[in-house]
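*Asks:* First, the structure itself, so that you have it in front of you.
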Amino acid sequence: MQQLKQQFQEFIVGLMSLPIKLPGTRLYRSLQAKKKMARLIQRIIREKRARRAAASLPRDAIDMLIGDGSDELTDELISDNMIDLMIPAEDSVPVLITLAVKFLSECPLALHQLEEENMQLKRRKTDMGETLQWTDYMSLSFTQHVITETLRLGNIIGGIMRKAVRDVEVKGHLIPKGWCVFVYFRSVHLDDTLYDEPYKFNPWRWKEKDMSNGSFTPFGGGQRLCPGLDLARLEASIFLHHLVTSFRWVAEEDHIVNFPTVRLKRGMPIRVTAKEDDD
Ligand code: HEM
């Protein structure tokens, strides 16, 4: 597992790199790392296939895909899918959560309102003896604003690539067939003609603002829209719910690095205490 993690880190750094594939370049190292990851995962798939006759219920995504029985689901395709899923699981969603913690640590008013909203829900659920439901998640409007604002300001995925399949004209500019375009979300999300004080973490702006007018696209758009967008928001909401209702924390100084991928320079260290310990 450690080996897989190391290769993953090497692979992800090269996702945003100069397109020069020569030994020693970042892109080359990234592609080599991806090949090694594929080999490791395909070994796991083979072991799982060999054990499958004796196995009972599927325990993970690989078991499910093997169990599908389709000839099209080759070991190579399954391992490619697993690597694709590692990006949001190991990078995008953890970065979203980490950025939320950073922005909240720097905005006590937002943290207070988030805590209030989630404590109210927790008390209600405890009184009724119920666990959290989908409708509870949907009812946490300020929590959603915090996540939306973190996505806007954080720009976890800075942009996406598109290739013109025919000549296209965009606002008077011709994009010839075959050209690649990088759609840079960061420049839209931090545009002061679209957002007042765009560099300020302000979750309250989303009380009024429309998310569906093309000026907010952290999950891309069109046919390739991220299929995990609801899952990402749900995971972040569950994490924040438990963090603010059960713990307090003091954050250490840290800085956001935006290139090649978004991350915190020191991994955002925080000192956490359980609420009942310090009440
Ligand atoms: C904060 C979290 C996430 C962010 C910011 C994010 C962002 C994105 C973006 C910008 C794209 C490209 C969309 C486009 O080309 O228009 C994408 C694609 C994709 N995402 Fe996410 N994503 C996140 C979480 C997830 C999760 C949790 C999953 C699944 C478990 C997921 C699965 C995928 C897949 C499979 C694609 C490829 C879709 C395709 O090419 O058709 N993502 N994501």
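Identifiers for the structure tokens are assigned positionally: chains receive A, B, ... in sequence, residues are indexed from 1 per chain, and ligands are indexed from 1 in the order shown.
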From segment 171-250 of chain A, collect each residue whose DSSP state is strand (DSSP E) and return the set as a list in words.

*Replies:* His173, Leu174, Ile175, Cys180, Val181, Phe182, Val183, Tyr184, Phe247, Arg248, Trp249 and Val250 of chain A

*Asks:* Deliver the residues from the most recent selection as a file, using C-alpha atoms, as a compact mmCIF listing (two decimals), in the first residue's frame.

*Replies:*
# COMPACT_ATOMS: atom_id res chain seq x y z
CA HIS A 173 -12.09 34.44 -31.30
CA LEU A 174 -11.62 31.52 -33.67
CA ILE A 175 -10.50 28.22 -32.15
CA CYS A 180 -6.56 22.28 -27.44
CA VAL A 181 -8.03 24.81 -25.04
CA PHE A 182 -7.44 25.10 -21.33
CA VAL A 183 -10.58 26.41 -19.63
CA TYR A 184 -9.21 28.23 -16.60
CA PHE A 247 -14.32 19.00 18.41
CA ARG A 248 -12.56 22.32 18.70
CA TRP A 249 -9.30 23.02 16.99
CA VAL A 250 -6.48 25.48 16.83

*Asks:* Mind dumping a table of every chain A residue within 6 Å of ligand 1, with the nearest atom pair and its distance in Å to one decimal, using only C-alpha atoms and all ligand atoms, sorted by chain and rising number, as CSV?

*Replies:*
residue,atom,partner,partner_atom_place_in_ligand_line,distance
A:Leu85,CA,ligand 1,30 (C),5.7
A:Pro88,CA,ligand 1,25 (C),4.6
A:Ser92,CA,ligand 1,2 (C),4.4
A:Val93,CA,ligand 1,1 (C),4.4
A:Leu96,CA,ligand 1,1 (C),5.2
A:Ile156,CA,ligand 1,5 (C),5.3
A:Ile157,CA,ligand 1,5 (C),5.4
A:Ile160,CA,ligand 1,15 (O),5.5
A:Pro218,CA,ligand 1,5 (C),5.3
A:Phe219,CA,ligand 1,10 (C),4.0
A:Gly220,CA,ligand 1,16 (O),3.4
A:Gly221,CA,ligand 1,16 (O),4.3
A:Arg224,CA,ligand 1,41 (O),3.9
A:Leu225,CA,ligand 1,16 (O),4.4
A:Cys226,CA,ligand 1,18 (C),3.9
A:Pro227,CA,ligand 1,33 (C),5.3
A:Gly228,CA,ligand 1,28 (C),3.5
A:Leu229,CA,ligand 1,24 (C),5.5
A:Leu231,CA,ligand 1,27 (C),5.3
A:Ala232,CA,ligand 1,27 (C),4.4

*Asks:* If I take atom CA of Asn213 of chain A and atom CA of Leu194 of chain A, how far is one from the other in Å, to one decimal?

*Replies:* 10.7 Å

*Asks:* Which residues of segment 45-118 of chain A come within 10 Å of segment 149-154 of chain A, and what is each one's closest atom pair and distance in Å (one decimal), counting only C-alpha atoms, sorted by chain and residue number, as JSON lines?

*Replies:*
{"residue": "A:Val95", "atom": "CA", "partner": "A:Gly154", "partner_atom": "CA", "distance": 8.9}
{"residue": "A:Leu96", "atom": "CA", "partner": "A:Leu151", "partner_atom": "CA", "distance": 7.0}
{"residue": "A:Ile97", "atom": "CA", "partner": "A:Thr150", "partner_atom": "CA", "distance": 8.7}
{"residue": "A:Thr98", "atom": "CA", "partner": "A:Thr150", "partner_atom": "CA", "distance": 9.7}
{"residue": "A:Leu99", "atom": "CA", "partner": "A:Thr150", "partner_atom": "CA", "distance": 6.6}
{"residue": "A:Ala100", "atom": "CA", "partner": "A:Thr150", "partner_atom": "CA", "distance": 5.7}
{"residue": "A:Val101", "atom": "CA", "partner": "A:Thr150", "partner_atom": "CA", "distance": 9.4}
{"residue": "A:Lys102", "atom": "CA", "partner": "A:Thr150", "partner_atom": "CA", "distance": 9.5}
{"residue": "A:Phe103", "atom": "CA", "partner": "A:Thr150", "partner_atom": "CA", "distance": 7.4}
{"residue": "A:Leu104", "atom": "CA", "partner": "A:Thr150", "partner_atom": "CA", "distance": 9.4}

*Asks:* Which is closest to Ile238 of chain A among A:Thr143, A:Asn81, A:Asn202, A:Ser212, if we use only C-alpha atoms?

*Replies:*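 Among the listed residues, A:Thr143 lies closest to Ile238 of chain A.
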
*Asks:* Pick the closest to Ala164 of chain A from A:Gly267, A:Pro203, A:Pro260, A:Gly178: which is it, counting only C-alpha atoms?

*Replies:* A:Gly178

*Asks:* Which of segment 38-204 of chain A counts as alpha helix (DSSP H) under DSSP, as an MDAnalysis selection string please?

*Replies:* chainID A and resid 38:51 61:67 75:87 93:105 108:128 134:139 141:154 185:189

*Asks:* Using only C-alpha atoms, can you tell me which of A:Glu115, A:Glu169, A:Asp210, A:Asp127 comes closest to Ser246 of chain A?

*Replies:*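 Closest residue, counting only C-alpha atoms: A:Glu115.
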
*Asks:* Mind checking which residues fall within 8 Å of Asp75 of chain A, counting only C-alpha atoms, ignoring those fewer than 2 positions away in the same chain, and posting them as a compact mmCIF listing (two decimals) with C-alpha atoms, in the first residue's frame?

*Replies:*
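Saved to around.txt:
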# COMPACT_ATOMS: atom_id res chain seq x y z
CA GLN A 42 -3.58 -5.62 -11.74
CA ILE A 45 -7.12 -7.97 -9.38
CA ARG A 46 -5.51 -11.30 -10.37
CA LEU A 73 -14.12 -5.27 -18.12
CA LEU A 77 -9.79 -1.30 -17.70
CA ILE A 78 -10.61 -2.08 -14.06
CA SER A 79 -7.18 -0.85 -12.91

*Asks:* Near Val13 of chain A, counting only C-alpha atoms, which residues have an atom at most 10 Å away, once you skip same-chain residues fewer than 3 positions from it, shown as a ChimeraX atom specification?

*Replies:* /A:8-10,16-17,26-27,29-30,259-261

*Asks:* Keeping only N, CA and C atoms, write the selected residues as a PDB file, in the first residue's frame.

*Replies:*
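Okay, selection_7.pdb is ready:
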ATOM      1  N   PHE A   8       1.407   7.059  -6.498  1.00  0.00           N
ATOM      2  CA  PHE A   8       0.278   7.960  -6.726  1.00  0.00           C
ATOM      3  C   PHE A   8       0.727   9.420  -6.610  1.00  0.00           C
ATOM      4  N   GLN A   9       1.551   9.691  -5.586  1.00  0.00           N
ATOM      5  CA  GLN A   9       2.005  11.076  -5.403  1.00  0.00           C
ATOM      6  C   GLN A   9       2.845  11.551  -6.591  1.00  0.00           C
ATOM      7  N   GLU A  10       3.686  10.671  -7.082  1.00  0.00           N
ATOM      8  CA  GLU A  10       4.513  10.998  -8.257  1.00  0.00           C
ATOM      9  C   GLU A  10       3.610  11.222  -9.484  1.00  0.00           C
ATOM     10  N   MET A  16      -0.351  18.156 -14.097  1.00  0.00           N
ATOM     11  CA  MET A  16      -0.216  19.523 -14.620  1.00  0.00           C
ATOM     12  C   MET A  16       1.267  19.749 -14.891  1.00  0.00           C
ATOM     13  N   SER A  17       1.695  19.472 -16.112  1.00  0.00           N
ATOM     14  CA  SER A  17       3.125  19.620 -16.383  1.00  0.00           C
ATOM     15  C   SER A  17       3.336  19.945 -17.862  1.00  0.00           C
ATOM     16  N   ARG A  26       8.929  15.824 -15.577  1.00  0.00           N
ATOM     17  CA  ARG A  26       7.841  15.541 -14.629  1.00  0.00           C
ATOM     18  C   ARG A  26       6.779  14.652 -15.278  1.00  0.00           C
ATOM     19  N   LEU A  27       6.457  14.958 -16.550  1.00  0.00           N
ATOM     20  CA  LEU A  27       5.439  14.165 -17.247  1.00  0.00           C
ATOM     21  C   LEU A  27       5.888  12.705 -17.376  1.00  0.00           C
ATOM     22  N   ARG A  29       8.025  11.039 -15.512  1.00  0.00           N
ATOM     23  CA  ARG A  29       8.004  10.357 -14.200  1.00  0.00           C
ATOM     24  C   ARG A  29       6.570  10.012 -13.805  1.00  0.00           C
ATOM     25  N   SER A  30       5.646  10.933 -14.130  1.00  0.00           N
ATOM     26  CA  SER A  30       4.241  10.706 -13.786  1.00  0.00           C
ATOM     27  C   SER A  30       3.690   9.490 -14.552  1.00  0.00           C
ATOM     28  N   PHE A 259       0.199  25.410  -7.406  1.00  0.00           N
ATOM     29  CA  PHE A 259       0.777  24.745  -8.579  1.00  0.00           C
ATOM     30  C   PHE A 259       1.803  23.711  -8.158  1.00  0.00           C
ATOM     31  N   PRO A 260       1.893  22.564  -8.806  1.00  0.00           N
ATOM     32  CA  PRO A 260       1.075  22.084  -9.920  1.00  0.00           C
ATOM     33  C   PRO A 260      -0.344  21.685  -9.514  1.00  0.00           C
ATOM     34  N   THR A 261      -0.523  21.289  -8.251  1.00  0.00           N
ATOM     35  CA  THR A 261      -1.895  21.040  -7.803  1.00  0.00           C
ATOM     36  C   THR A 261      -2.101  21.826  -6.512  1.00  0.00           C
TER      37      THR A 261
END

*Asks:* Please list as a ChimeraX atom specification every residue within 8 Å of His145 of chain A, counting only C-alpha atoms and excluding residues in the same chain fewer than 3 positions away.

*Replies:* /A:141-142,148-149,203-204,206-207

*Asks:* For N, CA and C atoms, I'd like the residues from the last selection saved as a tab-separated table (two decimals), in the first residue's frame.

*Replies:*
chain	number	residue	atom	x	y	z
A	141	SER	N	-28.26	24.52	5.09
A	141	SER	CA	-27.99	25.48	4.00
A	141	SER	C	-26.68	26.23	4.20
A	142	PHE	N	-26.37	26.63	5.43
A	142	PHE	CA	-25.12	27.39	5.60
A	142	PHE	C	-23.91	26.47	5.36
A	148	THR	N	-19.60	25.52	-0.97
A	148	THR	CA	-19.61	26.20	-2.27
A	148	THR	C	-18.52	27.27	-2.31
A	149	GLU	N	-18.43	28.05	-1.23
A	149	GLU	CA	-17.43	29.13	-1.20
A	149	GLU	C	-16.01	28.57	-1.18
A	203	PRO	N	-18.98	32.95	2.73
A	203	PRO	CA	-20.03	31.96	2.41
A	203	PRO	C	-21.40	32.58	2.27
A	204	TRP	N	-21.62	33.76	2.90
A	204	TRP	CA	-22.94	34.40	2.88
A	204	TRP	C	-23.31	34.87	1.48
A	206	TRP	N	-23.53	33.27	-1.07
A	206	TRP	CA	-24.31	32.25	-1.77
A	206	TRP	C	-25.78	32.22	-1.34
A	207	LYS	N	-26.13	33.08	-0.36
A	207	LYS	CA	-27.55	33.18	0.03
A	207	LYS	C	-28.37	33.70	-1.14

*Asks:* Using only C-alpha atoms, which of A:Leu240, A:Ile12, A:Leu190, A:Leu18 sits nearest Thr217 of chain A?

*Replies:*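 Smallest separation from Thr217 of chain A among the options: A:Leu190.
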
*Asks:* Atom CA of Asn155 of chain A to atom CA of Glu117 of chain A: how many Å, to one decimal?

*Replies:*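 These atoms are spaced 25.4 Å apart.
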